[in-house]
$ cat work.cif   # mmCIF, C-alpha atoms
data_coords
loop_
_atom_site.label_atom_id
_atom_site.label_comp_id
_atom_site.auth_asym_id
_atom_site.auth_seq_id
_atom_site.Cartn_x
_atom_site.Cartn_y
_atom_site.Cartn_z
CA MET A 1402 33.90 6.83 97.94
CA LEU A 1403 31.70 9.54 96.44
CA LEU A 1404 28.01 9.93 97.31
CA PHE A 1405 25.68 12.11 95.24
CA ASN A 1406 22.10 12.95 96.18
CA THR A 1407 21.07 14.95 93.11
CA GLN A 1408 21.09 14.13 89.43
CA ARG A 1409 22.68 17.50 88.61
CA GLU A 1410 25.68 16.88 90.88
CA LEU A 1411 26.19 13.33 89.60
CA ALA A 1412 25.91 14.28 85.94
CA SER A 1413 28.30 17.20 86.44
CA TYR A 1414 30.88 14.99 88.12
CA LEU A 1415 30.66 12.21 85.52
CA THR A 1416 31.09 14.79 82.74
CA SER A 1417 34.22 16.12 84.45
CA VAL A 1418 35.94 12.74 84.80
CA SER A 1419 34.97 10.95 81.59
CA ASP A 1420 35.30 11.25 77.85
CA LYS A 1421 34.17 9.23 74.83
CA LYS A 1422 36.64 6.45 75.66
CA THR A 1423 35.59 6.13 79.31
CA SER A 1424 33.51 3.07 80.09
CA VAL A 1425 30.88 3.66 82.77
CA GLY A 1426 29.27 0.62 84.41
CA PHE A 1427 25.96 1.00 86.23
CA VAL A 1428 24.09 -1.09 88.80
CA PRO A 1429 20.57 0.23 89.53
CA THR A 1430 19.15 -0.97 92.87
CA MET A 1431 16.51 -0.14 95.46
CA GLY A 1432 19.00 -0.64 98.29
CA ALA A 1433 18.88 -3.13 101.16
CA LEU A 1434 21.92 -4.58 99.43
CA HIS A 1435 22.97 -8.24 99.64
CA ALA A 1436 25.67 -10.42 98.09
CA GLY A 1437 23.78 -10.59 94.79
CA HIS A 1438 23.96 -6.81 94.39
CA LEU A 1439 27.63 -6.82 95.32
CA SER A 1440 28.35 -9.45 92.66
CA LEU A 1441 26.87 -7.08 90.06
CA LEU A 1442 29.21 -4.35 91.30
CA GLU A 1443 32.16 -6.70 91.02
CA GLU A 1444 31.25 -7.43 87.40
CA SER A 1445 31.02 -3.71 86.70
CA ILE A 1446 34.43 -3.01 88.25
CA LYS A 1447 36.03 -5.78 86.17
CA HIS A 1448 34.84 -4.38 82.87
CA ASN A 1449 34.55 -0.60 83.29
CA ASP A 1450 36.67 2.44 84.12
CA ILE A 1451 34.00 3.93 86.40
CA SER A 1452 31.24 2.13 88.32
CA VAL A 1453 28.05 3.76 89.60
CA ILE A 1454 25.38 2.24 91.83
CA SER A 1455 22.01 3.87 92.40
CA ILE A 1456 20.02 3.37 95.60
CA PHE A 1457 16.47 4.53 95.03
CA VAL A 1458 13.18 2.99 96.16
CA ASN A 1459 11.03 3.83 93.18
CA PRO A 1460 7.42 4.53 94.24
CA THR A 1461 5.88 4.19 90.77
CA GLN A 1462 6.68 0.48 90.47
CA PHE A 1463 4.76 -0.43 93.63
CA ASN A 1464 1.06 -1.17 93.18
CA ASN A 1465 0.78 -1.99 96.89
CA ALA A 1466 1.18 1.02 99.21
CA GLU A 1467 1.88 -1.21 102.22
CA ASP A 1468 4.67 -2.99 100.36
CA LEU A 1469 6.25 0.38 99.51
CA ALA A 1470 5.99 1.58 103.12
CA LYS A 1471 7.62 -1.59 104.46
CA TYR A 1472 10.40 -1.81 101.87
CA PRO A 1473 13.69 -1.74 103.82
CA LYS A 1474 15.74 1.47 103.63
CA THR A 1475 19.28 0.90 104.90
CA LEU A 1476 21.49 3.49 103.20
CA GLU A 1477 24.25 3.60 105.83
CA ALA A 1478 24.57 -0.19 105.91
CA ASP A 1479 24.45 -0.28 102.11
CA ILE A 1480 27.34 2.18 101.86
CA GLU A 1481 29.47 0.01 104.16
CA LYS A 1482 28.77 -3.03 101.96
CA ILE A 1483 29.69 -1.05 98.84
CA LYS A 1484 32.97 0.02 100.48
CA SER A 1485 33.77 -3.66 101.07
CA VAL A 1486 33.83 -4.09 97.30
CA SER A 1487 35.70 -0.88 96.43
CA ASP A 1488 36.16 2.68 97.66
CA ALA A 1489 36.10 3.85 94.06
CA ILE A 1490 32.41 3.10 93.43
CA ILE A 1491 30.16 6.13 92.98
CA VAL A 1492 26.87 6.02 94.90
CA PHE A 1493 23.79 7.85 93.63
CA ALA A 1494 21.05 8.09 96.27
CA PRO A 1495 18.54 10.71 95.10
CA SER A 1496 15.20 11.71 96.57
CA VAL A 1497 11.85 11.07 94.90
CA GLU A 1498 11.53 14.84 94.35
CA ASP A 1499 14.89 15.01 92.59
CA ILE A 1500 14.12 12.14 90.22
CA TYR A 1501 10.50 12.97 89.44
CA GLU A 1502 10.76 16.76 89.79
CA GLY A 1503 7.39 17.08 91.52
CA LYS A 1504 5.48 14.71 89.18
CA THR A 1505 5.62 11.23 90.66
CA ILE A 1506 3.87 9.43 87.84
CA SER A 1507 4.88 6.75 85.36
CA GLN A 1508 5.34 7.04 81.65
CA HIS A 1509 3.31 4.42 79.74
CA PHE A 1510 5.32 1.84 77.77
CA ASP A 1511 4.59 -0.81 75.17
CA PHE A 1512 7.06 -3.65 75.60
CA ASP A 1513 5.51 -5.78 72.84
CA GLY A 1514 3.49 -7.80 75.34
CA LEU A 1515 6.34 -8.72 77.71
CA GLU A 1516 4.72 -6.48 80.33
CA ASN A 1517 1.43 -8.39 80.28
CA GLN A 1518 2.78 -11.71 81.55
CA MET A 1519 3.39 -12.96 85.12
CA GLU A 1520 4.38 -9.93 87.22
CA GLY A 1521 2.44 -7.68 84.86
CA LYS A 1522 -0.76 -9.65 85.48
CA PHE A 1523 -0.49 -9.45 89.25
CA ARG A 1524 1.11 -6.02 89.67
CA PRO A 1525 -0.75 -3.54 87.44
CA GLY A 1526 1.42 -0.64 86.33
CA HIS A 1527 4.58 -2.22 87.74
CA PHE A 1528 6.52 -2.28 84.50
CA ASP A 1529 5.51 1.25 83.55
CA GLY A 1530 7.20 2.24 86.81
CA VAL A 1531 10.25 0.12 86.04
CA GLY A 1532 10.55 1.51 82.53
CA THR A 1533 10.16 5.07 83.76
CA ILE A 1534 12.91 4.87 86.40
CA VAL A 1535 15.36 2.80 84.36
CA LYS A 1536 15.06 5.12 81.36
CA ARG A 1537 15.50 8.16 83.63
CA LEU A 1538 18.56 6.68 85.36
CA PHE A 1539 20.13 5.77 82.02
CA GLU A 1540 19.65 9.38 80.89
CA ILE A 1541 21.38 10.67 84.04
CA VAL A 1542 24.27 8.17 84.33
CA LYS A 1543 24.79 7.53 80.59
CA PRO A 1544 26.45 4.14 81.19
CA LYS A 1545 28.07 1.96 78.58
CA ASN A 1546 27.10 -1.21 80.48
CA ALA A 1547 24.30 -1.86 82.99
CA TYR A 1548 24.03 -4.96 85.18
CA PHE A 1549 20.84 -6.71 86.30
CA GLY A 1550 20.28 -9.94 88.23
CA GLU A 1551 18.47 -12.81 86.53
CA LYS A 1552 16.18 -13.35 89.54
CA ASP A 1553 14.01 -10.61 88.04
CA PHE A 1554 14.22 -12.26 84.61
CA GLN A 1555 11.04 -10.67 83.29
CA GLN A 1556 12.39 -7.26 84.28
CA LEU A 1557 15.69 -8.09 82.56
CA GLN A 1558 13.88 -8.89 79.30
CA ILE A 1559 11.81 -5.71 79.59
CA VAL A 1560 14.89 -3.55 80.14
CA LYS A 1561 16.46 -5.11 77.04
CA LYS A 1562 13.28 -4.29 75.12
CA LEU A 1563 13.31 -0.72 76.49
CA VAL A 1564 16.86 -0.18 75.28
CA SER A 1565 16.04 -1.67 71.87
CA LYS A 1566 12.80 0.25 71.26
CA TYR A 1567 14.11 3.60 72.50
CA LYS A 1568 17.56 3.13 70.94
CA ILE A 1569 19.34 3.78 74.24
CA PRO A 1570 23.10 3.13 73.82
CA VAL A 1571 23.53 0.79 76.81
CA ASN A 1572 24.63 -2.84 76.91
CA ILE A 1573 22.32 -4.79 79.25
CA ILE A 1574 24.11 -7.61 81.04
CA GLY A 1575 22.22 -10.28 82.97
CA CYS A 1576 24.06 -11.90 85.87
CA PRO A 1577 23.38 -15.21 87.68
CA ILE A 1578 21.08 -15.46 90.69
CA PHE A 1579 22.83 -15.46 94.07
CA ARG A 1580 21.30 -17.87 96.55
CA GLU A 1581 21.41 -18.37 100.28
CA PRO A 1582 22.93 -21.68 101.50
CA ASN A 1583 19.47 -23.29 101.54
CA GLY A 1584 18.80 -22.27 97.93
CA LEU A 1585 16.50 -19.30 98.62
CA ALA A 1586 17.12 -16.60 96.02
CA MET A 1587 18.72 -13.57 97.65
CA SER A 1588 16.32 -10.64 97.85
CA SER A 1589 15.97 -7.46 99.88
CA ARG A 1590 12.59 -8.79 100.98
CA ASN A 1591 14.28 -11.76 102.68
CA GLU A 1592 15.26 -9.35 105.47
CA ARG A 1593 11.59 -9.15 106.44
CA LEU A 1594 11.36 -12.89 107.03
CA THR A 1595 11.82 -14.37 110.49
CA PRO A 1596 14.70 -16.87 110.79
CA GLN A 1597 12.14 -19.69 110.80
CA GLU A 1598 10.35 -18.33 107.70
CA ARG A 1599 13.67 -17.91 105.94
CA LYS A 1600 14.49 -21.54 106.63
CA LYS A 1601 11.07 -22.76 105.47
CA ALA A 1602 11.26 -20.63 102.30
CA ALA A 1603 13.90 -23.03 100.96
CA VAL A 1604 10.91 -25.05 99.71
CA ILE A 1605 10.47 -22.52 96.87
CA TYR A 1606 13.79 -23.33 95.21
CA LYS A 1607 13.50 -27.01 96.09
CA THR A 1608 10.14 -27.16 94.31
CA ILE A 1609 11.17 -25.37 91.14
CA SER A 1610 14.38 -27.43 90.98
CA GLN A 1611 12.24 -30.56 91.00
CA ALA A 1612 10.00 -28.95 88.38
CA LYS A 1613 13.07 -28.58 86.16
CA LYS A 1614 13.80 -32.31 86.47
CA LEU A 1615 10.18 -33.21 85.71
CA PHE A 1616 10.07 -30.94 82.66
CA SER A 1617 12.45 -33.24 80.79
CA THR A 1618 9.81 -36.00 80.70
CA LYS A 1619 6.49 -34.34 81.64
CA SER A 1620 4.25 -31.78 79.96
CA ALA A 1621 4.10 -28.17 81.11
CA ARG A 1622 0.61 -28.84 82.48
CA GLU A 1623 1.78 -31.82 84.54
CA VAL A 1624 4.72 -29.86 85.95
CA THR A 1625 2.44 -26.95 86.86
CA ASP A 1626 0.04 -29.31 88.63
CA TYR A 1627 2.96 -30.77 90.60
CA VAL A 1628 4.09 -27.33 91.80
CA THR A 1629 0.55 -26.24 92.67
CA ASN A 1630 0.01 -29.37 94.75
CA GLN A 1631 3.28 -28.86 96.61
CA PHE A 1632 2.05 -25.58 98.07
CA LYS A 1633 -1.52 -26.64 98.86
CA ASP A 1634 -0.68 -28.08 102.27
CA LEU A 1635 1.83 -25.45 103.41
CA PRO A 1636 -0.08 -23.14 105.80
CA ASP A 1637 2.41 -20.24 105.77
CA PHE A 1638 2.70 -20.17 101.98
CA GLU A 1639 0.37 -18.80 99.33
CA LEU A 1640 1.27 -19.58 95.72
CA GLU A 1641 0.40 -16.55 93.60
CA TYR A 1642 1.53 -18.05 90.31
CA PHE A 1643 3.74 -20.67 88.73
CA GLU A 1644 4.36 -20.25 85.02
CA ILE A 1645 6.37 -22.07 82.38
CA ALA A 1646 7.12 -19.65 79.58
CA ASP A 1647 9.19 -19.09 76.47
CA GLU A 1648 12.31 -17.17 77.57
CA ALA A 1649 12.19 -14.84 74.57
CA THR A 1650 8.50 -13.91 74.49
CA LEU A 1651 7.49 -14.84 78.07
CA LEU A 1652 4.38 -16.45 76.59
CA HIS A 1653 2.86 -19.46 78.35
CA CYS A 1654 4.11 -22.87 77.20
CA PHE A 1655 1.17 -24.99 76.05
CA ARG A 1656 3.22 -27.54 74.15
CA LYS A 1657 6.99 -27.96 74.32
CA SER A 1658 9.11 -27.19 71.26
CA LYS A 1659 12.69 -28.38 70.80
CA THR A 1660 13.59 -25.05 69.19
CA LYS A 1661 12.64 -22.88 72.18
CA LYS A 1662 14.19 -22.13 75.54
CA TYR A 1663 11.84 -22.33 78.52
CA ARG A 1664 11.95 -20.92 82.01
CA ALA A 1665 9.92 -21.51 85.15
CA PHE A 1666 8.69 -18.46 87.09
CA ILE A 1667 7.17 -18.48 90.57
CA ALA A 1668 5.76 -15.95 93.03
CA VAL A 1669 4.91 -16.98 96.58
CA PHE A 1670 3.69 -15.11 99.65
CA VAL A 1671 5.28 -16.15 102.92
CA ASN A 1672 3.09 -14.52 105.58
CA LYS A 1673 2.34 -11.58 103.25
CA ILE A 1674 5.97 -11.18 102.14
CA ARG A 1675 6.18 -11.70 98.39
CA LEU A 1676 9.10 -13.71 97.02
CA ILE A 1677 9.89 -14.57 93.40
CA ASP A 1678 12.29 -17.02 91.77
CA THR A 1679 13.06 -18.48 88.39
CA VAL A 1680 15.07 -21.31 86.81
CA SER A 1681 15.96 -22.15 83.24
CA LEU A 1682 14.35 -25.44 82.17
CA ASN A 1683 16.60 -26.28 79.22
#
$ encode --input "work.cif" --output "structure tokens"
Amino acid sequence: MLLFNTQRELASYLTSVSDKKTSVGFVPTMGALHAGHLSLLEESIKHNDISVISIFVNPTQFNNAEDLAKYPKTLEADIEKIKSVSDAIIVFAPSVEDIYEGKTISQHFDFDGLENQMEGKFRPGHFDGVGTIVKRLFEIVKPKNAYFGEKDFQQLQIVKKLVSKYKIPVNIIGCPIFREPNGLAMSSRNERLTPQERKKAAVIYKTISQAKKLFSTKSAREVTDYVTNQFKDLPDFELEYFEIADEATLLHCFRKSKTKKYRAFIAVFVNKIRLIDTVSLN
């Protein structure tokens, strides 16, 4: 398995082993890998000649300095997990200095309003940071296909918009959410939960699954009230938001339409550890 720590070395190697017919698959991550990440790698290997995974904790997408400082960094363990999938995967683990070249600031993006909903409301500047790093990584790796998990569905839609608006020749492929046995969506942040908190956090998926059932007969307002009430009496949980939105525009659903696809989005703090999840409602 090859490991590159600089964009120059990676780009040079990829140029030497590929041509116009070579299909490069790419999985961008912030490390602390879990089975969900590995499933993205497996998809890439199935459909591409070369697969690259990046491991880079991007500082510009964190609006909370404490969250950035506590984000797990487990490169050695990550490499062992990658090897369990294939020895042929290329790992790109650059430094902040290498990626940002001394200017650790975000580019500003207009994602046609997608960036102003949900995560954008509660994490100012987050999607400017996401857009900046994803665009930069695409420029370095030059993949044909890039794989993203649907747990970060808003991010997935924004990356699709980025590629469309900037005419970046990459196919963006969304892959299903991987869940722990109790239903909790797999996330690098889960590693910060105690075993007891991890067990209790199953209530997040349980609640939004029930919300999906209710949505078939209830209004968006009634479903939102149900979810809000579920978290009121849970002392270790703080509901940041629950939103029912149009999948395409991410705009709030005021009245259901048979011609639209809807999705439920949730963000919850479990003793200051922020977890998100989402389910399709159609």
$ atom_distance --input "work.cif" --atom1 "atom CA of Val1497 of chain A" --atom2 "atom CA of Gln1462 of chain A"
12.6 Å
$ resolve_selection --input "work.cif" --expression "the PyMOL selection byres ((chain A and resi 1544) around 9)" --output "PyMOL selection string"
chain A and resi 1424-1427+1452-1453+1539-1543+1545-1547+1570-1572
$ residues_near_point --input "work.cif" --point "(22.0, -18.2, 94.8)" --cutoff "12 Å" --atoms "only C-alpha atoms" --output "ChimeraX atom specification"
/A:1435-1438,1440,1550-1552,1576-1588,1603,1606,1678-1680
$ atom_distance --input "work.cif" --atom1 "atom CA of Lys1471 of chain A" --atom2 "atom CA of Thr1608 of chain A"
27.6 Å
$ closest_residue --input "work.cif" --among "A:Asn1449, A:Ser1620, A:Asn1406, A:Asn1672" --to "Leu1594 of chain A" --atoms "all atoms listed in the file"
A:Asn1672
$ decode --input "work.cif" --residues "segment 1416-1428 of chain A" --atoms "all heavy atoms" --output "PDB file, in the first residue's frame"
ATOM      1  N   THR A1416       0.013  10.603 -12.130  1.00  0.00           N
ATOM      2  CA  THR A1416       0.327  10.910 -13.532  1.00  0.00           C
ATOM      3  C   THR A1416       1.140   9.790 -14.166  1.00  0.00           C
ATOM      4  O   THR A1416       0.935   9.430 -15.333  1.00  0.00           O
ATOM      5  CB  THR A1416       1.110  12.237 -13.624  1.00  0.00           C
ATOM      6  OG1 THR A1416       0.302  13.289 -13.101  1.00  0.00           O
ATOM      7  CG2 THR A1416       1.468  12.553 -15.073  1.00  0.00           C
ATOM      8  N   SER A1417       2.027   9.196 -13.371  1.00  0.00           N
ATOM      9  CA  SER A1417       2.918   8.150 -13.906  1.00  0.00           C
ATOM     10  C   SER A1417       2.217   6.820 -14.147  1.00  0.00           C
ATOM     11  O   SER A1417       2.685   6.008 -14.949  1.00  0.00           O
ATOM     12  CB  SER A1417       4.106   7.938 -12.962  1.00  0.00           C
ATOM     13  OG  SER A1417       3.694   7.281 -11.766  1.00  0.00           O
ATOM     14  N   VAL A1418       1.103   6.573 -13.451  1.00  0.00           N
ATOM     15  CA  VAL A1418       0.457   5.258 -13.557  1.00  0.00           C
ATOM     16  C   VAL A1418      -0.895   5.300 -14.257  1.00  0.00           C
ATOM     17  O   VAL A1418      -1.574   4.278 -14.359  1.00  0.00           O
ATOM     18  CB  VAL A1418       0.275   4.614 -12.163  1.00  0.00           C
ATOM     19  CG1 VAL A1418       1.629   4.343 -11.523  1.00  0.00           C
ATOM     20  CG2 VAL A1418      -0.611   5.471 -11.264  1.00  0.00           C
ATOM     21  N   SER A1419      -1.312   6.461 -14.731  1.00  0.00           N
ATOM     22  CA  SER A1419      -2.633   6.549 -15.351  1.00  0.00           C
ATOM     23  C   SER A1419      -2.577   7.266 -16.690  1.00  0.00           C
ATOM     24  O   SER A1419      -1.636   8.001 -16.993  1.00  0.00           O
ATOM     25  CB  SER A1419      -3.616   7.261 -14.416  1.00  0.00           C
ATOM     26  OG  SER A1419      -3.155   8.549 -14.093  1.00  0.00           O
ATOM     27  N   ASP A1420      -3.617   7.021 -17.468  1.00  0.00           N
ATOM     28  CA  ASP A1420      -3.785   7.733 -18.735  1.00  0.00           C
ATOM     29  C   ASP A1420      -5.259   8.108 -18.863  1.00  0.00           C
ATOM     30  O   ASP A1420      -6.025   7.989 -17.898  1.00  0.00           O
ATOM     31  CB  ASP A1420      -3.312   6.877 -19.921  1.00  0.00           C
ATOM     32  CG  ASP A1420      -4.000   5.512 -19.973  1.00  0.00           C
ATOM     33  OD1 ASP A1420      -5.201   5.433 -19.605  1.00  0.00           O
ATOM     34  OD2 ASP A1420      -3.362   4.528 -20.369  1.00  0.00           O
ATOM     35  N   LYS A1421      -5.675   8.535 -20.046  1.00  0.00           N
ATOM     36  CA  LYS A1421      -7.048   9.002 -20.228  1.00  0.00           C
ATOM     37  C   LYS A1421      -8.084   7.899 -20.001  1.00  0.00           C
ATOM     38  O   LYS A1421      -9.243   8.183 -19.691  1.00  0.00           O
ATOM     39  CB  LYS A1421      -7.212   9.592 -21.634  1.00  0.00           C
ATOM     40  CG  LYS A1421      -6.472  10.912 -21.834  1.00  0.00           C
ATOM     41  CD  LYS A1421      -6.711  11.464 -23.224  1.00  0.00           C
ATOM     42  CE  LYS A1421      -5.983  12.794 -23.414  1.00  0.00           C
ATOM     43  NZ  LYS A1421      -6.186  13.351 -24.774  1.00  0.00           N
ATOM     44  N   LYS A1422      -7.681   6.650 -20.158  1.00  0.00           N
ATOM     45  CA  LYS A1422      -8.613   5.532 -19.984  1.00  0.00           C
ATOM     46  C   LYS A1422      -8.669   5.015 -18.546  1.00  0.00           C
ATOM     47  O   LYS A1422      -9.537   4.225 -18.207  1.00  0.00           O
ATOM     48  CB  LYS A1422      -8.225   4.393 -20.927  1.00  0.00           C
ATOM     49  CG  LYS A1422      -8.375   4.728 -22.401  1.00  0.00           C
ATOM     50  CD  LYS A1422      -8.021   3.533 -23.266  1.00  0.00           C
ATOM     51  CE  LYS A1422      -8.163   3.861 -24.758  1.00  0.00           C
ATOM     52  NZ  LYS A1422      -7.802   2.695 -25.606  1.00  0.00           N
ATOM     53  N   THR A1423      -7.745   5.473 -17.708  1.00  0.00           N
ATOM     54  CA  THR A1423      -7.683   4.987 -16.332  1.00  0.00           C
ATOM     55  C   THR A1423      -8.771   5.637 -15.486  1.00  0.00           C
ATOM     56  O   THR A1423      -8.917   6.857 -15.475  1.00  0.00           O
ATOM     57  CB  THR A1423      -6.305   5.293 -15.705  1.00  0.00           C
ATOM     58  OG1 THR A1423      -5.282   4.734 -16.532  1.00  0.00           O
ATOM     59  CG2 THR A1423      -6.207   4.693 -14.305  1.00  0.00           C
ATOM     60  N   SER A1424      -9.507   4.802 -14.787  1.00  0.00           N
ATOM     61  CA  SER A1424     -10.559   5.303 -13.903  1.00  0.00           C
ATOM     62  C   SER A1424     -10.021   5.382 -12.475  1.00  0.00           C
ATOM     63  O   SER A1424      -9.625   4.372 -11.896  1.00  0.00           O
ATOM     64  CB  SER A1424     -11.765   4.364 -13.964  1.00  0.00           C
ATOM     65  OG  SER A1424     -12.724   4.730 -12.999  1.00  0.00           O
ATOM     66  N   VAL A1425     -10.029   6.593 -11.919  1.00  0.00           N
ATOM     67  CA  VAL A1425      -9.580   6.804 -10.545  1.00  0.00           C
ATOM     68  C   VAL A1425     -10.797   7.049  -9.656  1.00  0.00           C
ATOM     69  O   VAL A1425     -11.592   7.953  -9.909  1.00  0.00           O
ATOM     70  CB  VAL A1425      -8.604   8.001 -10.443  1.00  0.00           C
ATOM     71  CG1 VAL A1425      -8.215   8.250  -8.983  1.00  0.00           C
ATOM     72  CG2 VAL A1425      -7.360   7.757 -11.292  1.00  0.00           C
ATOM     73  N   GLY A1426     -10.932   6.232  -8.615  1.00  0.00           N
ATOM     74  CA  GLY A1426     -11.991   6.415  -7.632  1.00  0.00           C
ATOM     75  C   GLY A1426     -11.416   7.079  -6.392  1.00  0.00           C
ATOM     76  O   GLY A1426     -10.267   6.823  -6.012  1.00  0.00           O
ATOM     77  N   PHE A1427     -12.212   7.915  -5.746  1.00  0.00           N
ATOM     78  CA  PHE A1427     -11.699   8.719  -4.631  1.00  0.00           C
ATOM     79  C   PHE A1427     -12.687   8.741  -3.478  1.00  0.00           C
ATOM     80  O   PHE A1427     -13.889   8.947  -3.666  1.00  0.00           O
ATOM     81  CB  PHE A1427     -11.432  10.145  -5.121  1.00  0.00           C
ATOM     82  CG  PHE A1427     -10.890  11.074  -4.080  1.00  0.00           C
ATOM     83  CD1 PHE A1427      -9.908  10.672  -3.194  1.00  0.00           C
ATOM     84  CD2 PHE A1427     -11.377  12.374  -3.983  1.00  0.00           C
ATOM     85  CE1 PHE A1427      -9.410  11.543  -2.225  1.00  0.00           C
ATOM     86  CE2 PHE A1427     -10.881  13.255  -3.025  1.00  0.00           C
ATOM     87  CZ  PHE A1427      -9.901  12.833  -2.144  1.00  0.00           C
ATOM     88  N   VAL A1428     -12.164   8.518  -2.264  1.00  0.00           N
ATOM     89  CA  VAL A1428     -12.960   8.584  -1.045  1.00  0.00           C
ATOM     90  C   VAL A1428     -12.320   9.609  -0.109  1.00  0.00           C
ATOM     91  O   VAL A1428     -11.314   9.325   0.535  1.00  0.00           O
ATOM     92  CB  VAL A1428     -13.040   7.213  -0.341  1.00  0.00           C
ATOM     93  CG1 VAL A1428     -13.860   7.319   0.943  1.00  0.00           C
ATOM     94  CG2 VAL A1428     -13.640   6.162  -1.272  1.00  0.00           C
TER      95      VAL A1428
END
